[in-house]
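Visitor: Provided herewith: input_0.txt, compact mmCIF, C-alpha atoms and all ligand atoms.
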```txt
# COMPACT_ATOMS: atom_id res chain seq x y z
CA MET A 1 15.44 -58.22 24.74
CA LYS A 2 14.16 -54.90 23.35
CA LYS A 3 10.64 -55.02 21.89
CA LYS A 4 10.53 -54.20 18.18
CA LEU A 5 8.73 -50.92 17.48
CA GLU A 6 5.63 -50.82 15.27
CA PRO A 7 5.74 -48.91 11.96
CA LEU A 8 5.72 -45.09 12.22
CA GLU A 9 2.18 -44.72 10.79
CA VAL A 10 0.81 -47.07 13.47
CA ILE A 11 2.61 -45.27 16.29
CA LEU A 12 1.41 -41.87 15.07
CA GLY A 13 -2.23 -43.02 15.27
CA LYS A 14 -1.99 -43.83 19.00
CA ALA A 15 -3.37 -41.76 21.86
CA GLU A 16 -0.76 -43.00 24.34
CA PHE A 17 2.89 -43.79 23.84
CA SER A 18 5.59 -45.85 25.52
CA ASP A 19 8.92 -44.22 26.44
CA GLU A 20 10.57 -46.15 23.59
CA GLU A 21 8.05 -44.74 21.12
CA ILE A 22 8.54 -41.20 22.40
CA VAL A 23 12.33 -41.45 22.11
CA TYR A 24 11.95 -42.89 18.61
CA LEU A 25 9.64 -40.03 17.53
CA LEU A 26 12.03 -37.45 18.99
CA SER A 27 14.91 -38.98 17.06
CA LEU A 28 13.29 -38.78 13.61
CA SER A 29 15.33 -36.99 10.96
CA ASP A 30 14.40 -38.61 7.63
CA LYS A 31 12.55 -36.05 5.47
CA GLU A 32 9.46 -38.22 4.90
CA ASP A 33 9.32 -39.37 8.52
CA VAL A 34 9.45 -35.87 9.99
CA LYS A 35 6.76 -34.76 7.54
CA ARG A 36 4.50 -37.58 8.81
CA LEU A 37 5.14 -36.57 12.41
CA GLN A 38 4.42 -32.93 11.57
CA ARG A 39 1.12 -33.78 9.86
CA ALA A 40 -0.02 -35.99 12.72
CA ALA A 41 0.73 -33.23 15.25
CA PHE A 42 -0.99 -30.55 13.15
CA ASP A 43 -4.11 -32.71 12.75
CA ARG A 44 -4.16 -33.56 16.47
CA THR A 45 -3.96 -29.82 17.20
CA SER A 46 -6.97 -29.11 14.97
CA GLN A 47 -8.95 -31.89 16.70
CA SER A 48 -8.06 -31.06 20.28
CA VAL A 49 -7.75 -27.25 20.38
CA GLY A 50 -9.15 -26.06 17.05
CA HIS A 51 -7.89 -23.93 14.19
CA LYS A 52 -7.10 -20.71 16.03
CA VAL A 53 -3.78 -19.23 17.09
CA TYR A 54 -3.97 -16.91 20.12
CA TYR A 55 -1.72 -13.93 20.68
CA ARG A 56 -0.20 -13.01 24.05
CA GLY A 57 1.52 -9.64 23.64
CA LEU A 58 4.85 -9.88 25.43
CA ILE A 59 5.96 -6.95 27.59
CA GLU A 60 9.48 -7.36 28.98
CA VAL A 61 8.91 -5.25 32.07
CA SER A 62 12.43 -5.31 33.51
CA ASN A 63 15.80 -6.99 32.97
CA ILE A 64 16.80 -6.66 36.63
CA CYS A 65 17.39 -10.17 37.96
CA THR A 66 18.57 -11.47 41.32
CA VAL A 67 19.69 -14.89 40.10
CA ASN A 68 22.38 -16.40 37.94
CA CYS A 69 20.94 -19.10 35.67
CA ARG A 70 24.03 -20.26 33.81
CA TYR A 71 22.40 -20.21 30.38
CA CYS A 72 20.95 -16.73 30.50
CA GLY A 73 22.36 -13.55 28.98
CA ILE A 74 20.72 -11.22 31.53
CA ARG A 75 21.84 -13.14 34.62
CA LYS A 76 22.69 -11.08 37.68
CA SER A 77 26.46 -11.27 37.22
CA ASN A 78 26.42 -9.85 33.68
CA HIS A 79 27.79 -6.46 34.62
CA HIS A 80 28.06 -5.26 31.01
CA LEU A 81 24.33 -4.82 30.76
CA SER A 82 22.52 -1.65 31.67
CA ARG A 83 19.45 -2.56 33.69
CA TYR A 84 16.00 -1.09 33.11
CA GLN A 85 12.58 -1.17 34.67
CA MET A 86 9.59 0.05 32.67
CA THR A 87 7.42 2.58 34.47
CA LYS A 88 3.81 1.80 35.30
CA GLU A 89 2.69 4.33 32.71
CA GLU A 90 4.80 2.68 30.00
CA ILE A 91 3.36 -0.74 30.82
CA LEU A 92 -0.20 0.56 30.88
CA SER A 93 0.26 2.32 27.57
CA GLN A 94 1.48 -0.93 25.92
CA ALA A 95 -1.38 -2.88 27.53
CA GLN A 96 -3.98 -0.42 26.27
CA TRP A 97 -2.48 -0.49 22.81
CA ALA A 98 -2.63 -4.31 22.85
CA ALA A 99 -6.28 -4.32 23.91
CA GLN A 100 -7.20 -1.81 21.19
CA GLN A 101 -5.49 -3.97 18.55
CA GLY A 102 -7.54 -7.05 19.51
CA PHE A 103 -4.94 -8.84 21.63
CA ALA A 104 -7.12 -10.29 24.37
CA ASN A 105 -4.05 -11.22 26.41
CA ILE A 106 -0.65 -9.91 27.37
CA CYS A 107 2.30 -11.51 29.12
CA LEU A 108 4.34 -9.60 31.69
CA GLN A 109 7.86 -11.00 31.88
CA ALA A 110 10.86 -9.89 33.95
CA GLY A 111 13.91 -11.16 35.77
CA GLU A 112 13.27 -12.72 39.16
CA ARG A 113 12.84 -10.39 42.16
CA HIS A 114 11.27 -10.99 45.54
CA ASP A 115 11.53 -7.57 47.19
CA GLU A 116 8.36 -5.91 48.43
CA LYS A 117 8.81 -2.92 46.12
CA PHE A 118 8.64 -5.20 43.08
CA VAL A 119 5.85 -7.44 44.39
CA SER A 120 3.60 -4.49 45.19
CA PHE A 121 4.51 -2.80 41.89
CA ILE A 122 3.14 -5.85 40.05
CA CYS A 123 -0.01 -5.74 42.22
CA GLU A 124 -0.61 -2.12 41.20
CA VAL A 125 0.12 -2.85 37.54
CA LEU A 126 -2.39 -5.74 37.55
CA GLU A 127 -5.11 -3.63 39.16
CA GLU A 128 -4.60 -0.76 36.75
CA ILE A 129 -4.38 -2.89 33.61
CA HIS A 130 -7.75 -4.32 34.53
CA ALA A 131 -9.23 -0.89 35.23
CA CYS A 132 -8.11 0.57 31.91
CA THR A 133 -8.85 -2.36 29.57
CA VAL A 134 -12.43 -3.34 30.47
CA SER A 135 -14.59 -2.59 27.44
CA SER A 136 -17.62 -3.92 25.60
CA ILE A 137 -15.27 -6.12 23.57
CA LEU A 138 -13.29 -7.28 26.62
CA PRO A 139 -15.87 -7.23 29.47
CA ASP A 140 -13.33 -8.72 31.91
CA GLY A 141 -10.38 -6.69 30.63
CA LEU A 142 -7.13 -8.12 29.27
CA GLY A 143 -6.11 -11.64 30.19
CA ILE A 144 -2.70 -11.75 31.85
CA THR A 145 0.14 -14.23 31.81
CA LEU A 146 2.85 -13.63 34.40
CA SER A 147 6.38 -14.88 33.82
CA LEU A 148 8.25 -13.60 36.87
CA GLY A 149 10.22 -16.58 38.13
CA ASP A 150 9.96 -18.60 41.33
CA GLN A 151 7.78 -16.87 43.90
CA THR A 152 6.30 -17.78 47.29
CA LYS A 153 2.72 -18.96 47.51
CA HIS A 154 1.93 -15.75 49.39
CA THR A 155 3.22 -13.56 46.54
CA LEU A 156 1.39 -15.64 43.93
CA ALA A 157 -1.81 -15.29 45.96
CA ARG A 158 -1.36 -11.50 46.18
CA TRP A 159 -0.94 -11.25 42.42
CA LYS A 160 -3.99 -13.40 41.86
CA TYR A 161 -6.01 -11.22 44.24
CA SER A 162 -4.88 -8.08 42.36
CA SER A 163 -5.88 -9.47 39.00
CA GLY A 164 -9.31 -8.34 37.93
CA ASN A 165 -9.66 -11.23 35.51
CA PRO A 166 -8.93 -14.41 37.53
CA ASN A 167 -10.40 -16.75 34.88
CA ASN A 168 -7.81 -15.45 32.46
CA LEU A 169 -4.77 -15.51 34.67
CA ARG A 170 -1.82 -17.60 33.64
CA TYR A 171 1.70 -18.17 34.92
CA LEU A 172 4.70 -19.46 33.02
CA ALA A 173 7.55 -21.11 34.89
CA ARG A 174 9.58 -23.51 32.80
CA PHE A 175 11.31 -26.23 34.80
CA GLU A 176 13.97 -26.17 32.02
CA THR A 177 14.90 -29.86 32.40
CA SER A 178 13.59 -32.76 34.48
CA ASN A 179 17.13 -34.14 34.79
CA GLU A 180 17.85 -33.10 38.36
CA LYS A 181 21.61 -33.24 37.99
CA LEU A 182 21.48 -31.07 34.89
CA PHE A 183 19.00 -28.67 36.52
CA ASN A 184 21.26 -28.28 39.54
CA PHE A 185 24.30 -27.71 37.33
CA LEU A 186 22.46 -25.03 35.36
CA HIS A 187 21.44 -23.26 38.53
CA SER A 188 24.59 -23.43 40.58
CA ALA A 189 26.79 -20.41 40.98
CA CYS A 190 29.74 -19.54 43.17
CA GLY A 191 29.84 -23.05 44.59
CA ARG A 192 26.23 -23.26 45.75
CA TYR A 193 22.88 -24.27 44.27
CA GLU A 194 20.78 -21.20 43.71
CA LYS A 195 17.74 -23.14 42.60
CA LYS A 196 16.54 -26.68 43.10
CA LEU A 197 14.24 -28.54 40.75
CA ASP A 198 11.96 -29.51 43.66
CA HIS A 199 11.46 -25.88 44.51
CA ARG A 200 10.44 -25.03 40.94
CA LEU A 201 8.00 -27.94 40.97
CA LEU A 202 6.58 -26.76 44.30
CA CYS A 203 6.01 -23.33 42.78
CA LEU A 204 4.01 -25.01 39.98
CA THR A 205 1.96 -26.90 42.59
CA HIS A 206 1.17 -23.63 44.37
CA LEU A 207 0.07 -22.04 41.11
CA LYS A 208 -2.28 -24.96 40.53
CA GLU A 209 -3.72 -24.74 44.04
CA LEU A 210 -4.34 -21.02 43.53
CA GLY A 211 -6.27 -21.63 40.30
CA TYR A 212 -3.81 -20.15 37.81
CA GLN A 213 -3.60 -21.68 34.33
CA VAL A 214 -0.22 -23.31 34.74
CA GLY A 215 2.41 -23.08 32.03
CA THR A 216 5.75 -24.76 32.10
CA GLY A 217 8.36 -25.96 29.64
CA VAL A 218 11.95 -26.82 28.95
CA MET A 219 14.91 -25.85 26.83
CA ILE A 220 15.84 -28.27 24.09
CA GLY A 221 19.44 -29.05 23.19
CA ILE A 222 21.04 -28.13 26.52
CA PRO A 223 24.64 -29.42 26.56
CA GLY A 224 24.54 -32.88 28.15
CA GLN A 225 20.79 -33.41 27.62
CA THR A 226 19.70 -36.74 26.04
CA LEU A 227 16.59 -37.87 24.16
CA GLN A 228 15.62 -39.89 27.23
CA ASP A 229 15.82 -36.64 29.25
CA LEU A 230 13.41 -35.00 26.78
CA CYS A 231 11.10 -38.01 27.06
CA ASN A 232 11.23 -37.63 30.86
CA ASP A 233 10.40 -33.93 30.40
CA ILE A 234 7.22 -34.92 28.57
CA ARG A 235 6.39 -37.36 31.38
CA MET A 236 6.88 -34.47 33.80
CA PHE A 237 4.41 -32.33 31.77
CA GLN A 238 1.91 -35.16 32.25
CA LYS A 239 2.65 -35.48 35.97
CA ILE A 240 2.23 -31.73 36.49
CA ASP A 241 -0.92 -31.91 34.33
CA ALA A 242 0.26 -28.68 32.67
CA ASP A 243 -2.29 -26.42 30.99
CA MET A 244 0.25 -24.73 28.75
CA ILE A 245 3.74 -25.46 27.50
CA GLY A 246 6.31 -22.98 26.23
CA MET A 247 9.55 -24.51 25.08
CA GLY A 248 12.30 -23.59 22.73
CA PRO A 249 15.85 -24.38 21.69
CA TYR A 250 18.72 -23.71 24.06
CA LEU A 251 20.79 -21.00 22.38
CA MET A 252 24.21 -19.79 23.35
CA SER A 253 24.72 -16.42 24.96
CA GLU A 254 28.20 -14.86 24.98
CA ALA A 255 27.25 -13.19 28.26
CA ALA A 256 26.31 -16.46 29.96
CA ASP A 257 28.30 -19.01 31.82
CA LEU A 258 27.59 -21.98 29.52
CA CYS A 259 29.11 -20.32 26.48
CA SER A 260 32.21 -22.52 26.40
CA MET A 261 30.06 -25.68 26.19
CA GLY A 262 28.77 -24.75 22.74
CA GLN A 263 25.40 -25.28 21.16
CA MET A 264 23.86 -27.85 18.80
CA PRO A 265 24.16 -26.83 15.11
CA PRO A 266 21.06 -24.88 13.97
CA LYS A 267 19.56 -27.45 11.58
CA PRO A 268 19.43 -30.49 13.87
CA LEU A 269 18.54 -28.24 16.81
CA LEU A 270 15.56 -26.85 14.91
CA GLN A 271 14.42 -30.35 13.92
CA LEU A 272 14.76 -31.67 17.47
CA THR A 273 12.78 -28.71 18.82
CA LEU A 274 10.01 -29.20 16.25
CA ASN A 275 9.92 -32.94 17.01
CA MET A 276 9.62 -32.15 20.72
CA ILE A 277 6.71 -29.77 20.05
CA ALA A 278 4.98 -32.35 17.84
CA VAL A 279 5.42 -35.21 20.32
CA THR A 280 4.24 -33.02 23.22
CA ARG A 281 1.08 -32.24 21.25
CA LEU A 282 0.51 -35.93 20.51
CA VAL A 283 0.93 -36.87 24.18
CA MET A 284 -0.79 -33.91 25.88
CA HIS A 285 -3.72 -33.30 23.48
CA ASN A 286 -5.83 -30.34 24.64
CA ILE A 287 -3.25 -27.93 26.08
CA ASN A 288 -1.93 -24.62 24.76
CA ILE A 289 1.57 -24.74 23.25
CA ALA A 290 3.43 -21.51 22.52
CA ALA A 291 5.78 -21.06 19.56
CA ALA A 292 8.91 -19.64 21.23
CA THR A 293 10.60 -16.58 19.76
CA ALA A 294 13.89 -18.50 19.96
CA LEU A 295 12.70 -20.65 17.02
CA ASP A 296 13.14 -17.62 14.77
CA VAL A 297 16.86 -17.54 15.57
CA LEU A 298 17.25 -20.94 13.90
CA ALA A 299 15.17 -20.19 10.79
CA PRO A 300 13.42 -17.07 9.52
CA ASP A 301 10.08 -18.93 9.65
CA GLY A 302 10.86 -20.81 12.88
CA ARG A 303 7.70 -19.85 14.75
CA ILE A 304 5.53 -20.57 11.72
CA GLN A 305 7.08 -24.03 11.62
CA GLY A 306 6.17 -24.24 15.30
CA ILE A 307 2.51 -23.61 14.35
CA LEU A 308 2.74 -26.35 11.72
CA HIS A 309 4.08 -28.76 14.36
CA GLY A 310 1.38 -28.22 17.00
CA CYS A 311 1.71 -24.74 18.54
CA ASN A 312 -1.46 -22.67 18.98
CA VAL A 313 -0.12 -19.65 20.87
CA MET A 314 2.23 -16.90 19.73
CA MET A 315 3.79 -14.16 21.82
CA PRO A 316 4.58 -11.13 19.65
CA ASN A 317 6.99 -8.79 21.36
CA LEU A 318 5.29 -5.54 22.40
CA SER A 319 8.18 -4.19 24.49
CA PRO A 320 9.17 -0.64 23.56
CA GLN A 321 12.02 -0.80 21.02
CA ARG A 322 14.42 1.13 23.25
CA TYR A 323 14.41 -1.66 25.84
CA ARG A 324 14.79 -4.63 23.54
CA ALA A 325 18.59 -4.69 23.32
CA GLY A 326 18.59 -5.01 27.11
CA TYR A 327 16.55 -8.22 27.09
CA GLN A 328 18.82 -10.63 25.22
CA LEU A 329 18.45 -13.95 27.03
CA TYR A 330 20.42 -15.49 24.16
CA ASP A 331 22.44 -14.10 21.24
CA HIS A 332 20.84 -12.97 17.97
CA LYS A 333 17.37 -12.61 19.51
CA PRO A 334 15.19 -11.12 16.78
CA SER A 335 14.23 -7.79 18.26
CA LEU A 336 12.82 -5.74 15.43
CA LYS A 337 10.71 -8.36 13.72
CA ASP A 338 7.62 -8.01 15.84
CA ASP A 339 7.48 -4.27 15.39
CA PRO A 340 3.80 -3.73 16.21
CA THR A 341 3.46 -0.96 13.67
CA ASN A 342 4.31 -2.99 10.58
CA GLY A 343 5.48 -6.57 11.24
CA LEU A 344 2.21 -7.89 12.61
CA THR A 345 0.14 -7.63 9.42
CA ASN A 346 2.68 -9.70 7.53
CA PHE A 347 2.77 -12.12 10.41
CA GLU A 348 -0.98 -12.66 10.28
CA LYS A 349 -0.69 -13.52 6.59
CA LEU A 350 1.99 -16.10 7.37
CA ILE A 351 -0.17 -17.64 10.10
CA ASN A 352 -3.14 -17.76 7.71
CA SER A 353 -0.95 -19.54 5.15
CA THR A 354 -0.68 -22.48 7.59
CA GLY A 355 -4.49 -22.82 7.62
CA ARG A 356 -4.87 -21.17 11.04
CA GLN A 357 -6.66 -17.93 11.98
CA ILE A 358 -5.82 -15.53 14.79
CA GLY A 359 -8.31 -15.57 17.67
CA TRP A 360 -8.67 -11.80 17.86
CA ASN A 361 -10.34 -10.59 21.06
CA GLN A 362 -10.65 -14.15 22.38
CA SER A 363 -9.15 -15.42 25.60
CA GLY A 364 -7.90 -18.69 24.12
CA SER A 365 -7.76 -20.33 27.53
CA SER A 366 -6.25 -23.77 27.71
CA PRO A 367 -9.07 -26.25 26.94
CA ARG A 368 -7.54 -28.59 29.52
CA TRP A 369 -7.89 -25.93 32.21
CA LEU A 370 -11.48 -25.16 31.15
CA VAL A 371 -12.42 -28.84 31.35
CA ARG A 372 -10.70 -29.26 34.74
CA ASN A 373 -12.59 -26.26 36.10
CA GLY A 374 -15.95 -27.25 34.63
CA LEU A 375 -16.06 -24.08 32.46
N1 LIG B 401 18.50 -20.08 25.34
C1 LIG B 401 17.19 -20.38 25.26
N2 LIG B 401 16.28 -20.04 26.18
C2 LIG B 401 16.72 -19.33 27.24
N3 LIG B 401 16.07 -18.87 28.33
C3 LIG B 401 16.96 -18.22 29.11
N4 LIG B 401 18.19 -18.27 28.55
C4 LIG B 401 18.07 -18.97 27.40
C5 LIG B 401 18.97 -19.37 26.38
N5 LIG B 401 20.28 -19.06 26.45
C6 LIG B 401 14.66 -19.15 28.59
C7 LIG B 401 14.52 -20.04 29.85
C8 LIG B 401 13.65 -19.20 30.76
C9 LIG B 401 12.97 -18.26 29.82
C10 LIG B 401 12.49 -17.00 30.43
O1 LIG B 401 13.95 -17.99 28.84
O2 LIG B 401 13.87 -21.24 29.51
O3 LIG B 401 12.72 -19.98 31.49
FE1 LIG B 402 17.01 -14.32 35.64
FE2 LIG B 402 15.11 -15.63 34.21
FE3 LIG B 402 17.55 -15.20 33.18
FE4 LIG B 402 17.26 -16.96 35.17
S1 LIG B 402 16.34 -17.13 33.08
S2 LIG B 402 18.88 -15.38 35.02
S3 LIG B 402 15.66 -15.97 36.40
S4 LIG B 402 16.05 -13.64 33.73
```
Please re-express this file's structure in structure tokens.
Guide:
Amino acid sequence: MKKKLEPLEVILGKAEFSDEEIVYLLSLSDKEDVKRLQRAAFDRTSQSVGHKVYYRGLIEVSNICTVNCRYCGIRKSNHHLSRYQMTKEEILSQAQWAAQQGFANICLQAGERHDEKFVSFICEVLEEIHACTVSSILPDGLGITLSLGDQTKHTLARWKYSSGNPNNLRYLARFETSNEKLFNFLHSACGRYEKKLDHRLLCLTHLKELGYQVGTGVMIGIPGQTLQDLCNDIRMFQKIDADMIGMGPYLMSEAADLCSMGQMPPKPLLQLTLNMIAVTRLVMHNINIAAATALDVLAPDGRIQGILHGCNVMMPNLSPQRYRAGYQLYDHKPSLKDDPTNGLTNFEKLINSTGRQIGWNQSGSSPRWLVRNGL
């Protein structure tokens, strides 16, 4: 017989949760109940990582991709897209601008490539970003997050070696879903599996062994995904002992292969995503959690709601405007909102209205990583 669950208030006060409790918390939809969950997650965030929100300026370096993830609008077989690669000078100019504005960190994201030309290009970019951003305010230069897909341990080691700021080096590789069948379906093309979940998990292990701050995450609301799957995703975050999580709603892309399978309606999808963020905070405590840009597709204040539900990292888009239309992973991606020249001041006000302050010029490393490394 199923054990009867304790009242919501009692569950929310716990430090550890059973699978049944996690599934119950993820399923909440009553207005008062979700408010209680939100408050508990916000308070836990203040206790375990503080009152600051840290910026990682996002630079979408290239939309060239060698793989065909079924959900993604810039997958290799989208031949309607014109492909771009930012030059080293363009990347350095954005990085310098970010450092001058008080962003202590940037994130370099691109489609997945393994060729030597690309790998050594990233090495050069890392070396030069360090060289041109060391200052009295940032004595170790900009902190870097890489989001460049599955890579060999050798490549990850080369990038680490090229980084002049190894204590501020992060890598984001979402495992997307811990449901192996679903993962394999999402990453199969032309009758073969392009990616295997085990391989993605191995990549995360390599990152850990190399000393990166390890970020992972999932998409929420993937067709066929259940609440138990999401609960298993959280268990996987624990197993990986992730330092950072970045997760957001699955959104349809007309250019992707999953289009015909539809998408959850915006309101319940937003609530489920916010519940997932809140529960992840309650379970994982002292990690960094990023408010995904995709939240803003579901509501104009989506990312701010993310902050209210336990996020403490934000990734304003610093890609040059002319490239943004080329980096639509999903439809309706807000591309003009984060215009560095005007949108960011308003954004800071919105963040302050939640009771949080921006950690200007601070690394904002994952407290869990700092503890693990005795720093
Ligand atoms: N909806 C939401 N997120 C997406 N991503 C790619 N395509 C989509 C989509 N259609 C996310 C994946 C990937 C990250 C770079 O972007 O989770 O890891
Ligand atoms: Fe390429 Fe990343 Fe899109 Fe997959 S999610 S197709 S690796 S850009």
Visitor: Find, counting all atoms listed in the file, the residue in A:Lys239, A:Arg56, A:Lys333, A:Lys153 that gets nearest to A:Ser253.
Guide: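 Using all atoms listed in the file, the shortest distance to A:Ser253 belongs to A:Lys333.
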Visitor: Set out as a Markdown table a contact list for stretch 186-246 of chain A and stretch 263-274 of chain A with a cut-off of 8 Å, giving each residue of stretch 186-246 of chain A that qualifies its closest atom pair and distance in Å to one decimal, counting all atoms listed in the file, ordered by chain and rising residue number.
Guide:
```
| residue | atom | partner | partner_atom | distance |
| --- | --- | --- | --- | --- |
| A:Ile220 | CA | A:Thr273 | CA | 6.1 |
| A:Gly221 | CA | A:Met264 | CA | 6.3 |
| A:Ile222 | CA | A:Gln263 | CA | 7.5 |
| A:Pro223 | CA | A:Gln263 | CA | 6.8 |
```
Visitor: Neighbouring residues of stretch 13-18 of chain A were defined as those with any atom within 8 Å, considering all atoms listed in the file; residues of the same chain fewer than 5 positions away were excluded. Please report them as number ranges by chain.
Guide: A: 40, 282-283
Visitor: Work out how far atom S2 of ligand LIG 402 (chain B) is from atom CA of A:Glu112, in Å to one decimal.
Guide: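 Atom CA of A:Glu112 sits 7.5 Å away from atom S2 of ligand LIG 402 (chain B).
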Visitor: Show me which residues are within 9 Å of ligand LIG 401 (chain B) counting all atoms listed in the file, and format the list as a PyMOL selection string.
Guide: chain A and resi 69-75+109-111+147-149+172-176+216-220+222+246-253+256+258-259+292+294+328-331
Visitor: Residues at most 8 Å from A:Phe42, counting all atoms listed in the file, excluding those fewer than 6 positions away in the same chain, as a CSV table (one decimal) with C-alpha atoms, in the frame of the given file?
Guide:
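Writing done, so here's result.csv:
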```csv
chain,number,residue,atom,x,y,z
A,278,ALA,CA,5.0,-32.4,17.8
A,307,ILE,CA,2.5,-23.6,14.4
A,308,LEU,CA,2.7,-26.4,11.7
A,309,HIS,CA,4.1,-28.8,14.4
A,310,GLY,CA,1.4,-28.2,17.0
```
Visitor: Adding 4 Å on each side of the box along x, y and z that holds all listed atoms of ligand LIG 402 (chain B), could you give its centre and edge lengths in Å to one decimal, as JSON?
Guide:
```
{"center_x": 17.0, "center_y": -15.4, "center_z": 34.7, "size_x": 11.8, "size_y": 11.5, "size_z": 11.3}
```
Visitor: Do you know which residues are at most 12 Å from stretch 90-93 of chain A counting only C-alpha atoms, after dropping those on the same chain fewer than 3 positions away, and could you put them as a PDB file with C-alpha atoms, in the frame of the given file?
Guide:
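File out.pdb, as written:
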```
ATOM      1  CA  GLY A  57       1.520  -9.640  23.640  1.00  0.00           C
ATOM      2  CA  LEU A  58       4.850  -9.880  25.430  1.00  0.00           C
ATOM      3  CA  ILE A  59       5.960  -6.950  27.590  1.00  0.00           C
ATOM      4  CA  GLU A  60       9.480  -7.360  28.980  1.00  0.00           C
ATOM      5  CA  VAL A  61       8.910  -5.250  32.070  1.00  0.00           C
ATOM      6  CA  SER A  62      12.430  -5.310  33.510  1.00  0.00           C
ATOM      7  CA  GLN A  85      12.580  -1.170  34.670  1.00  0.00           C
ATOM      8  CA  MET A  86       9.590   0.050  32.670  1.00  0.00           C
ATOM      9  CA  THR A  87       7.420   2.580  34.470  1.00  0.00           C
ATOM     10  CA  GLN A  96      -3.980  -0.420  26.270  1.00  0.00           C
ATOM     11  CA  TRP A  97      -2.480  -0.490  22.810  1.00  0.00           C
ATOM     12  CA  ALA A  98      -2.630  -4.310  22.850  1.00  0.00           C
ATOM     13  CA  ALA A  99      -6.280  -4.320  23.910  1.00  0.00           C
ATOM     14  CA  GLN A 100      -7.200  -1.810  21.190  1.00  0.00           C
ATOM     15  CA  ILE A 106      -0.650  -9.910  27.370  1.00  0.00           C
ATOM     16  CA  CYS A 107       2.300 -11.510  29.120  1.00  0.00           C
ATOM     17  CA  LEU A 108       4.340  -9.600  31.690  1.00  0.00           C
ATOM     18  CA  GLN A 109       7.860 -11.000  31.880  1.00  0.00           C
ATOM     19  CA  PHE A 121       4.510  -2.800  41.890  1.00  0.00           C
ATOM     20  CA  ILE A 122       3.140  -5.850  40.050  1.00  0.00           C
ATOM     21  CA  GLU A 124      -0.610  -2.120  41.200  1.00  0.00           C
ATOM     22  CA  VAL A 125       0.120  -2.850  37.540  1.00  0.00           C
ATOM     23  CA  LEU A 126      -2.390  -5.740  37.550  1.00  0.00           C
ATOM     24  CA  GLU A 127      -5.110  -3.630  39.160  1.00  0.00           C
ATOM     25  CA  GLU A 128      -4.600  -0.760  36.750  1.00  0.00           C
ATOM     26  CA  ILE A 129      -4.380  -2.890  33.610  1.00  0.00           C
ATOM     27  CA  HIS A 130      -7.750  -4.320  34.530  1.00  0.00           C
ATOM     28  CA  ALA A 131      -9.230  -0.890  35.230  1.00  0.00           C
ATOM     29  CA  CYS A 132      -8.110   0.570  31.910  1.00  0.00           C
ATOM     30  CA  THR A 133      -8.850  -2.360  29.570  1.00  0.00           C
ATOM     31  CA  LEU A 142      -7.130  -8.120  29.270  1.00  0.00           C
ATOM     32  CA  LEU A 318       5.290  -5.540  22.400  1.00  0.00           C
ATOM     33  CA  SER A 319       8.180  -4.190  24.490  1.00  0.00           C
ATOM     34  CA  PRO A 320       9.170  -0.640  23.560  1.00  0.00           C
ATOM     35  CA  ARG A 322      14.420   1.130  23.250  1.00  0.00           C
ATOM     36  CA  TYR A 323      14.410  -1.660  25.840  1.00  0.00           C
TER      37      TYR A 323
END
```
Visitor: When you count only C-alpha atoms, which of these residues is closest to A:Arg281: A:Cys65, A:Ile144, A:Leu227, A:Met244?
Guide: A:Met244
Visitor: Just give me the gap between atom CA of A:Thr280 and atom CA of A:Tyr54 in Å, one decimal is fine.
Guide: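 Straight-line distance from atom CA of A:Thr280 to atom CA of A:Tyr54 works out to 18.3 Å.
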Visitor: From the set A:Leu186, A:Leu295, A:Ala290, A:Cys203, which residue has the shortest atom-to-atom contact distance to ligand LIG 402 (chain B), counting all atoms listed in the file?
Guide: A:Leu186
Visitor: Rounded to one decimal in Å, what is the spacing between atom CA of A:Ser29 and atom CA of A:Asn275?
Guide: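 A separation of 9.1 Å between them.
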Visitor: Find the spatial neighbours of A:Asn288, counting all atoms listed in the file, within a cut-off of 9 Å - ignore same-chain residues fewer than 3 positions away - and output them as a list in words.
Guide: Val49, Gly215, Asp243, Met244, Ile245, Gly246, Arg281, His285, Cys311, Asn312, Val313, Gly364, Ser365, Ser366, Pro367 and Arg368 of chain A
Visitor: Would you mind telling me which residue in A:Asp229, A:Asp296, A:Glu348, A:Glu6 lies nearest to A:Leu26 when using only C-alpha atoms?
Guide: A:Asp229
